[in-house]
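Q: Below you will find the structure I want to go over with you.
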Amino acid sequence: MLNPNNVTVSVVNQPHFIENGALEIPMYQVLNEQGDVIEGAQVPDIDKETALRIFDTMQFVRVLDDRMIAAQRQGRISFYMQCLGEEAAITASAAALGDTDMIMSQYREHAALHYRGFKLEQFMNQMFSNEKDLGKGRQMPIHYGCKELYFATVSSPLATQIPQATGYAYGQKLAGKKECTLCYFGEGAASEGDFHAGLNMAAVHKVPCIFFCRNNGYAISTPASEQFAGDGIASRGLGYGIKTIRVDGSDALAVYHATQLARKTAVEDNAPVLIESCAYRLGGHSTSDDPSGYRSKDEEKQFGSSDPLVKFKHWLEQKGWLDAQDEQVKLEELRKEILAAVKVAEVIDKPVFEEMFTDVYAEMTPHLLEQMNELKAHIKKYPEAYPVTSGRIV
Amino acid sequence: MLNPNNVTVSVVNQPHFIENGALEIPMYQVLNEQGDVIEGAQVPDIDKETALRIFDTMQFVRVLDDRMIAAQRQGRISFYMQCLGEEAAITASAAALGDTDMIMSQYREHAALHYRGFKLEQFMNQMFSNEKDLGKGRQMPIHYGCKELYFATVSSPLATQIPQATGYAYGQKLAGKKECTLCYFGEGAASEGDFHAGLNMAAVHKVPCIFFCRNNGYAISTPASEQFAGDGIASRGLGYGIKTIRVDGSDALAVYHATQLARKTAVEDNAPVLIESCAYRLGGHSTSDDPSGYRSKDEEKQFGSSDPLVKFKHWLEQKGWLDAQDEQVKLEELRKEILAAVKVAEVIDKPVFEEMFTDVYAEMTPHLLEQMNELKAHIKKYPEAYPVTSGRIV
Amino acid sequence: MARINMLQAINSALDITLAEHDNAVVFGEDVGIFGGVFRATSHLQEKFGRDRCFNTPLVEQGIIGFANGLAAQGSIAIAEIQFADYIFPAFDQIVNETAKFRYRSGNEFNVGSLVIRTPYGGGIAGGLYHSQSPEAYFAHTPGVKVVVPRNAYQAKGLLLAALKEPDPVIFFEPKRLYRASVGEVPEGSYELPLGKAEIVKNGEQVTVLAWGAQMEIIEKAVEMAEKDGISCEVIDLRTIAPWDFETVVQSVLKTGRLVINHEAPLSCGFGAEIAATVQEKCFLYLESPIIRVCGPDTPFPLIHEKEYMPDHLKTYEAIKRSVNY
Amino acid sequence: MARINMLQAINSALDITLAEHDNAVVFGEDVGIFGGVFRATSHLQEKFGRDRCFNTPLVEQGIIGFANGLAAQGSIAIAEIQFADYIFPAFDQIVNETAKFRYRSGNEFNVGSLVIRTPYGGGIAGGLYHSQSPEAYFAHTPGVKVVVPRNAYQAKGLLLAALKEPDPVIFFEPKRLYRASVGEVPEGSYELPLGKAEIVKNGEQVTVLAWGAQMEIIEKAVEMAEKDGISCEVIDLRTIAPWDFETVVQSVLKTGRLVINHEAPLSCGFGAEIAATVQEKCFLYLESPIIRVCGPDTPFPLIHEKEYMPDHLKTYEAIKRSVNY
Ligand SMILES: Cc1ncc(C[n+]2csc(CCOP(=O)(O)OP(=O)(O)O)c2C)c(N)n1
Ligand SMILES: Cc1ncc(C[n+]2csc(CCOP(=O)(O)OP(=O)(O)O)c2C)c(N)n1
Ligand SMILES: [Mg+2]
Ligand SMILES: [Mg+2]
């Protein structure tokens, strides 16, 4: 503290206003559009295994997204959200973490979960709300969560995970674990009050938390220019006294490096870090959305040019780490696996009716027991009306 | 918009973190500790009448605060909050506004209301919750409000007035009036989600609103150092893309000038401005508070030295605008007036019982009518139990 | 008159209001050029300009805070909350500010020209966070009015009335009827009264009451019951706060029985208030206990949506239980 | 055993918990060195250090968001909201997050180790914003438990139980009793059961029910009524959610009459739920309508606090009305 007001003390005698542009916040890039290392750029320490695992995940998610959007169109699932264009941002940041670092995500970050080891059938079970879904079929598709993989269950209300990440990280610090929490959110969610709360508290209470903002230019139909008037989300970091960096979110190497450094700060200095990753949201917001209602094809073309997969692949090939030949075969196989997994998951039984009443509390209350028994009798009376569960009510 | 992500586009190839200290935010001062104009300082355009009206208000409030704290100790009112140390910040900022500019305050800004012309008896009627209180006795002491004077009624929940100020200012802009809204709040309130909401929306929707943060170093017992970790509240302005200035809140001239300039920007450019005014909270938080529980006398002495009244008075005397001789007489008279007003206000009838049910809705609903009639019958039955109202129930 | 759906009816009410009042403003997440995620605000920005219909940043507490200020200034503030499930970040602005603005200021200030529109309710495979029916929270909050229309015609007439009402109104729109409810709706302006329930069907033996999307559910149940020879009186409450207890009480004094249906969880839902009031006012006339057919006391589960919903079968059974008590 | 007041009893429960569990953390506005504006957390920072008891920035949604995360991590998160009137900015974190954490994740994650403490209620000349009793909002929210103690002894035992409960608990503390309620309280640890009402006094003719600070009000009313020869059974509900309907129903089956008292506004208050349930479960046994003696449907007015409060006289009158119906 400098003084009771906690402000710097230099004095001026002319009124001086700070304005946009007072501070330059450049964007960190390692790879250029093609995927070549930019001259003079610092390439992070990354081994072949990690690099390939990142690439595999990016590819997996690209194909998964493509297939599941098709599945949604066919009416097999009700809803889907893809991360087209943001694969590098999500995967490379997750790759820079430790296995037991906590991830709290928004919803567009299933790549991080896959990187952690969530299996294809686990994705499917969630999307088809079947009885093997860890979430017991209660939430809409893509609301994943897995305790074993330190990935908090997705919750639709935006930004609520931000102060939660602060609290979680506080617990990690208190427990003396050299772990951190990484919290993903969109530039839209960053407008919520919970963003302000979470970042300010993280700075004040010095928690090992990385706030990873995916600035993809849109919140559904609302462009970033109608979301905020400052210089991105990064310009807010200073206001909280949080170390901040902006990276090119289509550049897996830059994201990986920035997150590595952020993690070091978080864990070693018990200090939060804000990363703003910029990568255009190439696809629609979700399968319920049609971007042609609010943005032009021209815009999509102009900003969608820099495909994170193409860039990273180019770099891997240059490193001699990737064999381009296998590519098509591998993708074809992946498609087949996914389709097969869809077919398995969609016929697995749905959760039994009792699961509607469990987990509201640790133990079922007398009220819920009463309500459950009443409902059970009712379903038995009208089994055709409740086909999802009536078959297994005894 | 620079690009869909709404960020600046310069690129770096080394990871570069922005940290505290990246941007200097100096404090604007015109007067030094004694009240002399600092060499080279820009003195705002201020006429004698305005300057004296500011000083009168500062004095009035100093005496009022002193007397009402005594009245609270005597049990004549239940609660009070003073603005000791912050008189210049509040009065001089209000003085820089137009008469029909809206003021939305937190609670410690009765000086602004007095400057606007709120009368001594009006203050008293509110504090004594009598039937002449514009607020009909419904709120705790010091929750003033006056439509005629464009001063929104104080509401205890903190920071709620911040997005409201944004909305009010939007309405002013839409109506094409060359008016603005000034919104006061503490550095503690600036932690609320509503602060974030209000400032961001103001920047995006370009409203003529001045956000005036009184950073007085404390939120009840919580020091600014446990409230935020950035450089004051001013450092957040940049994040919203809002023009921002920090001023010495004990310096009436600096505050006046900064607010004048802010008003110009607000009204002429339809752009919000953030002013951070720093002046130590010299007194307790409220009459319910005892600062000795959380801060030292030493600290109070060290930061309480620069009395805004002393400084401004010195400047006025140097200008030859003030006659030092009258001072004591004037203060004595003021004290007497206040005491007399207390005596008048405390014996004025309390609002009639029906006022408990009015103004919930524009017209009383059947439910409320029923409840009112039931209660009326009950009070008639037990008049001694409801002495405040039973006497006037017919 | 034209046959339009509820979204078009709502859009028409907004269109009329913006055209009539220069100081009427529509705002919320994605309501601008896109016309809202359900398209209730389609073409309004085109017609009235970006100053009168615009996207806000993604911050519900800000939207309602802004709306309170704008209404206090005297403009007609028409705020959209994208889903009723997302009204909770704005809860403080509504409960502590909107609802108490006039009262706390002794009528110096008010936000009577505020209407908050928000789609509510289940039945669209929305799971926990796109299905909630939070009307009871606001019914426990003196100072706001709460309105829920059951079809396109009602939606337009009630919304236009809400926009004229000198009190702040929360207008819950049954989203599963947005496109499904199609009917004859006058093109021009008309108002339906707030605070007045509607007796949709006269009957003798049991009063069956609901609001919003559940009206078609109870109507279906009543059809079944009438086939069994049970004569039902059907009431659409329309306004939840302040509710029209007189109409309901009159009906129950006649029928002696009451079945209430709502989607929100049973415990402390608005059905509780109705039951508590009616048992007091109709005590000697009640032939059987008042029955509530409601959502169970759980969050809204995606896969068990059918099981969760207080559907026509559950209502039909309740009607029979009520009559055969 | 020592005679202490409710604040000391609460302080003792916190002290015991922090001493027993290294991962228990107390936080909120001004709870650090100052010990909270009511001093419920006095000396805890001194004893357990700034990591275990600390001031937060002034942001209720952040406090509860932080608390949710901390509890999800496995720590015992004990959050204070300075006044219940200021819990509303955290409403979304409570209703959409705290309450649904376990359910939505299929029990992968939970925030069962969270307790939110907050002073509630009127009677301290607090006006609109230092007097509210918002328990009904949370009673309509499946997934949280809601507890309200009536005296020092109950406060400590219920708080210790809440801290052990594997579900998140909102613990409403009747602030007007903080110093006024003094009684014998064991120095060590003990627990009183959650979800269980207590029959404070047996009686025959009418059941009179309340919770928290209103208990002393109804006891006073009952004293008056008994002087008139009316035998009253007095119940302290203690837990609002999930409430102990069995005890209440058993009592009303016996007495045939019920008077409910709460400070919160009548409409859709928790009294409505009790009345709705009891009329259903005790229909044939009820001798007179269930009466609710509650705050009126207005904000809480400073100067008319006495008139507003559901006091002993109003309760006494209600008891007589109930019995003489
Ligand atoms: C509190 C809340 N308000 C509104 C919504 C509806 N909604 C879902 S996603 C979304 C846009 C989010 O944009 P952003 O944070 O930028 O993430 P992106 O979709 O671009 O990845 C909105 C408005 C919500 N889920 N929660
Ligand atoms: C939403 C809300 N939370 C908590 C409080 C209790 N409270 C009243 S004043 C205050 C401190 C405010 O500090 P600051 O904003 O710095 O203003 P100052 O008192 O220093 O002028 C607190 C915590 C409140 N009134 N509203
Ligand atoms: Mg986005
Ligand atoms: Mg302060």
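Going through the structure tokens in order, the chains are called A, B, and so on, while each chain numbers its residues from 1 and the ligands are numbered from 1 in the order shown.
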List every residue of chain D that has an atom at most 7 Å from any atom of ligand 2, and for each one report the closest atom pair and its distance in Å to one decimal, counting only C-alpha atoms and all ligand atoms, with rows sorted by chain and then by increasing residue number, as a tab-separated table.
A:
```
residue	atom	partner	partner_atom_place_in_ligand_line	distance
D:Glu29	CA	ligand 2	23 (C)	6.2
D:Leu58	CA	ligand 2	23 (C)	6.0
D:Val59	CA	ligand 2	3 (N)	7.0
D:Glu60	CA	ligand 2	3 (N)	6.8
D:Gln82	CA	ligand 2	4 (C)	6.1
D:Tyr86	CA	ligand 2	1 (C)	4.8
D:Pro89	CA	ligand 2	1 (C)	6.9
```
Q: Can you spit out the residues from that selection as a short mmCIF file (atom, residue, chain, number, x, y, z; two decimals), in the first residue's frame, using all heavy atoms?
A:
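Generated file (again.cif):
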```
data_model
loop_
_atom_site.label_atom_id
_atom_site.label_comp_id
_atom_site.auth_asym_id
_atom_site.auth_seq_id
_atom_site.Cartn_x
_atom_site.Cartn_y
_atom_site.Cartn_z
N GLU D 29 -17.48 -9.05 4.19
CA GLU D 29 -17.13 -7.64 4.35
C GLU D 29 -16.88 -7.32 5.82
O GLU D 29 -17.74 -7.57 6.67
CB GLU D 29 -18.27 -6.77 3.78
CG GLU D 29 -18.37 -6.90 2.26
CD GLU D 29 -19.73 -6.54 1.69
OE1 GLU D 29 -20.53 -5.88 2.39
OE2 GLU D 29 -20.00 -6.93 0.53
N LEU D 58 -15.87 -5.40 -1.46
CA LEU D 58 -17.29 -5.16 -1.24
C LEU D 58 -18.10 -5.65 -2.45
O LEU D 58 -18.50 -4.87 -3.30
CB LEU D 58 -17.47 -3.66 -1.03
CG LEU D 58 -18.58 -3.15 -0.14
CD1 LEU D 58 -18.40 -1.67 0.11
CD2 LEU D 58 -19.93 -3.48 -0.66
N VAL D 59 -18.33 -6.95 -2.51
CA VAL D 59 -19.02 -7.49 -3.68
C VAL D 59 -19.66 -8.83 -3.32
O VAL D 59 -19.00 -9.86 -3.28
CB VAL D 59 -18.06 -7.58 -4.89
CG1 VAL D 59 -16.79 -8.37 -4.56
CG2 VAL D 59 -18.74 -8.14 -6.12
N GLU D 60 -20.95 -8.78 -3.03
CA GLU D 60 -21.63 -9.98 -2.54
C GLU D 60 -21.63 -11.09 -3.57
O GLU D 60 -21.51 -12.27 -3.22
CB GLU D 60 -23.06 -9.63 -2.11
CG GLU D 60 -23.14 -8.74 -0.86
CD GLU D 60 -22.84 -7.28 -1.14
OE1 GLU D 60 -22.79 -6.89 -2.33
OE2 GLU D 60 -22.64 -6.51 -0.18
N GLN D 82 -23.23 -9.11 4.97
CA GLN D 82 -23.33 -8.17 6.09
C GLN D 82 -24.77 -7.95 6.59
O GLN D 82 -24.99 -7.85 7.80
CB GLN D 82 -22.69 -6.84 5.69
CG GLN D 82 -22.27 -5.99 6.84
CD GLN D 82 -21.26 -4.94 6.40
OE1 GLN D 82 -21.64 -3.92 5.83
NE2 GLN D 82 -19.99 -5.17 6.66
N TYR D 86 -28.64 -7.41 1.63
CA TYR D 86 -27.59 -7.31 0.61
C TYR D 86 -27.21 -8.66 0.04
O TYR D 86 -26.15 -8.83 -0.57
CB TYR D 86 -26.37 -6.57 1.17
CG TYR D 86 -26.75 -5.22 1.73
CD1 TYR D 86 -26.26 -4.75 2.94
CD2 TYR D 86 -27.65 -4.40 1.05
CE1 TYR D 86 -26.64 -3.53 3.46
CE2 TYR D 86 -28.05 -3.18 1.56
CZ TYR D 86 -27.54 -2.75 2.76
OH TYR D 86 -27.94 -1.53 3.26
N PRO D 89 -27.53 -9.20 -4.56
CA PRO D 89 -26.53 -9.23 -5.64
C PRO D 89 -25.92 -10.63 -5.82
O PRO D 89 -25.39 -10.94 -6.88
CB PRO D 89 -25.46 -8.23 -5.18
CG PRO D 89 -26.16 -7.32 -4.24
CD PRO D 89 -27.20 -8.18 -3.55
#
```
Q: Let me have all residues with an atom within 6 Å of ligand 1, counting only C-alpha atoms and all ligand atoms, laid out as a list in words.
A: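 Counting only what the definition allows, namely only C-alpha atoms and all ligand atoms, the set is Arg108, Ser156, Pro157, Leu158, Phe185, Gly186, Glu187, Gly188, Ala189, Asn216, Tyr218, Ala219, Ile220 and His285 of chain A; Tyr86 of chain C.
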Q: Could you please select, counting only C-alpha atoms, the residues of chain C within 6 Å of chain D and state them as a list in words?
A: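 Using only C-alpha atoms, chain C residues at most 6 Å from chain D: Phe88, Pro89, Phe91, Asp92, Tyr137, His140, Pro142, Ser267, Cys268, Ala272, Glu273, Ala275, Ala276, Glu280, Phe283, Pro289, Asp297 and Thr298 of chain C.
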Q: Per residue of chain A within 6 Å of chain C, note the shortest atom pair and the distance in Å to one decimal, counting only C-alpha atoms, and order the rows by chain and increasing residue number, as JSON lines.
A:
```
{"residue": "A:Gly137", "atom": "CA", "partner": "C:Ile303", "partner_atom": "CA", "distance": 5.5}
{"residue": "A:Arg138", "atom": "CA", "partner": "C:Pro301", "partner_atom": "CA", "distance": 4.6}
{"residue": "A:Gln139", "atom": "CA", "partner": "C:Gly127", "partner_atom": "CA", "distance": 5.2}
{"residue": "A:Met140", "atom": "CA", "partner": "C:Gly127", "partner_atom": "CA", "distance": 5.7}
{"residue": "A:Gly188", "atom": "CA", "partner": "C:Leu58", "partner_atom": "CA", "distance": 5.7}
{"residue": "A:Ser191", "atom": "CA", "partner": "C:Leu58", "partner_atom": "CA", "distance": 5.4}
{"residue": "A:Glu192", "atom": "CA", "partner": "C:Val59", "partner_atom": "CA", "distance": 4.5}
{"residue": "A:Ser221", "atom": "CA", "partner": "C:Asp30", "partner_atom": "CA", "distance": 5.8}
{"residue": "A:Thr222", "atom": "CA", "partner": "C:Asp30", "partner_atom": "CA", "distance": 5.8}
{"residue": "A:Gln227", "atom": "CA", "partner": "C:Pro57", "partner_atom": "CA", "distance": 4.6}
{"residue": "A:Gly293", "atom": "CA", "partner": "C:Phe34", "partner_atom": "CA", "distance": 5.8}
{"residue": "A:Tyr294", "atom": "CA", "partner": "C:Phe34", "partner_atom": "CA", "distance": 5.7}
```
Q: According to DSSP computed on the backbone, where in region 130-254 of chain B is there helix (DSSP H, G or I)? Give the residues as a PyMOL selection string.
A: chain B and resi 161-174+189-191+193-204+224-226+234-240+252-254
Q: Check which residues of chain A sit at most 6 Å from chain B using only C-alpha atoms, and return one row each with the closest pair of atoms and their distance in Å to one decimal, ordered by chain and rising number, as a Markdown table.
A:
```
| residue | atom | partner | partner_atom | distance |
| --- | --- | --- | --- | --- |
| A:Met1 | CA | B:Ser225 | CA | 5.8 |
| A:Pro4 | CA | B:Gly217 | CA | 4.8 |
| A:Asn5 | CA | B:Gly217 | CA | 4.1 |
| A:Asn6 | CA | B:Ala224 | CA | 5.7 |
| A:Val7 | CA | B:Gly232 | CA | 4.7 |
| A:Ser10 | CA | B:Pro26 | CA | 4.9 |
| A:Val11 | CA | B:Met27 | CA | 4.7 |
| A:Val12 | CA | B:Tyr28 | CA | 4.9 |
| A:Asn13 | CA | B:Ala41 | CA | 4.5 |
| A:Gln14 | CA | B:Gln42 | CA | 5.6 |
| A:Pro15 | CA | B:Tyr28 | CA | 5.7 |
| A:Phe17 | CA | B:Ile245 | CA | 4.8 |
| A:Ile18 | CA | B:Thr244 | CA | 5.1 |
| A:Glu19 | CA | B:Lys243 | CA | 4.9 |
| A:Asn20 | CA | B:Gly241 | CA | 5.3 |
| A:Pro26 | CA | B:Ser10 | CA | 4.9 |
| A:Met27 | CA | B:Val11 | CA | 4.7 |
| A:Tyr28 | CA | B:Val12 | CA | 4.9 |
| A:Gln29 | CA | B:Asn13 | CA | 5.2 |
| A:Val30 | CA | B:Asn13 | CA | 5.7 |
| A:Ala41 | CA | B:Asn13 | CA | 4.5 |
| A:Gln42 | CA | B:Gln14 | CA | 5.6 |
| A:Gly193 | CA | B:Gly193 | CA | 3.7 |
| A:Ala203 | CA | B:Ala229 | CA | 5.8 |
| A:Val204 | CA | B:Ala229 | CA | 5.3 |
| A:Gly217 | CA | B:Asn5 | CA | 4.1 |
| A:Ala224 | CA | B:Asn5 | CA | 5.7 |
| A:Ser225 | CA | B:Asn6 | CA | 5.7 |
| A:Phe228 | CA | B:Val204 | CA | 5.6 |
| A:Ala229 | CA | B:Gly241 | CA | 5.1 |
| A:Gly230 | CA | B:Gly241 | CA | 3.8 |
| A:Asp231 | CA | B:Val7 | CA | 5.0 |
| A:Gly232 | CA | B:Val7 | CA | 4.7 |
| A:Ser235 | CA | B:Gly239 | CA | 4.5 |
| A:Arg236 | CA | B:Gly239 | CA | 4.1 |
| A:Gly239 | CA | B:Arg236 | CA | 4.1 |
| A:Tyr240 | CA | B:Gly230 | CA | 4.5 |
| A:Gly241 | CA | B:Gly230 | CA | 3.8 |
| A:Lys243 | CA | B:Glu19 | CA | 4.9 |
| A:Thr244 | CA | B:Ile18 | CA | 5.1 |
| A:Ile245 | CA | B:Phe17 | CA | 4.8 |
```
Q: Just the number, please: distance in Å from CA of Thr315 (chain C) to CA of Met224 (chain C), one decimal.
A: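 Computed distance, CA of Thr315 (chain C) to CA of Met224 (chain C), equals 9.9 Å.
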Q: For each of B:Ile393, B:Cys83, B:Met102, B:Val310, take the minimum atom-to-atom distance to ligand 4, counting only C-alpha atoms and all ligand atoms, then give the residue where this is smallest.
A: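 Of B:Ile393, B:Cys83, B:Met102, B:Val310, the one nearest ligand 4 is B:Cys83, counting only C-alpha atoms and all ligand atoms.
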